[in-house]
Amino acid sequence: MKLELIHVGMVMTNCYILTNEETGEAALIDPGDEADRLLACCRDRRLTAILLTHGHFDHILAVPRLREASGARIYAPAAEVPLLMDSDENLSGPWQGRPVSVRADVTLQDGEEFELLGTRIRMLLTPGHTAGSCCYYLPQEGWLFSGDTLFCESYGRVDLPTAMPDAISRSVRELLALPADTRVFPGHGGGTDIAHERKCNPLAHGWKEEDVK
Ligand SMILES: [Zn+2]
């Protein structure tokens, strides 16, 4: 599996392109803006899926244009559907003046696994930053796409619509139970890995390896 990172939009969201080079199929994670640039990046592949970690404007603004141009199917947590549909709550209207409603084609439950690009992907529901925020875990690759839940030595803000300030710590600590060598690809900023976050994340305080079952 090939992985590429493109920074898009005014808040430099990390949009990831996953490509199965054998089949030429590709998937995007969090295409937050600049749809035409992303389409150009994917012009030599077949864009079949768009995975959304949550519904904020800076992760979804390019979705309508990408869907129209490619026919890619949109994957999102079922718990995030209301925010994806509501251009006030997803802040695309009030903050960007570009109101967007996104309808998911595939709605996922916590822990649900699906096959994509010849690999297995597990959706881990991680409420906190928004009520339906999630991460996508690829066990075969040892990769975690952590959206705005887990950042390098940090975590997502919990003061925006549907945020659950009491839930973010539990969500992050559940992620810390993934294998130590899991590479973490967040929605903003640089990458990290689970071993580093166990030591350095502010929400890891008191986290013990013995807790991992
Ligand atoms: Zn966000």
# chains A, B, ... in the order shown; residues from 1 in each chain; ligands from 1
>>> residues_around(residues="Arg46 in chain A", least_positions_apart="4", cutoff="10 Å", atoms="only C-alpha atoms", output="list in words")
Thr19, Asn20, Thr23, Gly24, Glu25, Ala26, Ala27, Cys42, Ser70, Gly71 and Ala72 of chain A
>>> residues_around(residues="range 124-126 of chain A", least_positions_apart="4", cutoff="9 Å", atoms="only C-alpha atoms", output="PyMOL selection string")
chain A and resi 77+79+109-112+130-137+149+167-168+170-172+174-175
>>> closest_residue(among="A:Ser154, A:Thr162, A:Ser169, A:Thr182", to="Glu141 in chain A", atoms="only C-alpha atoms")
A:Thr182
>>> atom_distance(atom1="CA of Gly32 in chain A", atom2="CA of Val63 in chain A")
7.6 Å
>>> atom_distance(atom1="CA of Thr119 in chain A", atom2="CA of Leu51 in chain A")
14.1 Å
>>> residues_near_ligand(ligand="ligand 1", cutoff="8 Å", atoms="only C-alpha atoms and all ligand atoms", output="list in words")
His54, Gly55, His56, Phe57, Asp58, His59, His129, Thr130, Gly147, Asp148, Gly156, Arg157 and Gly187 of chain A
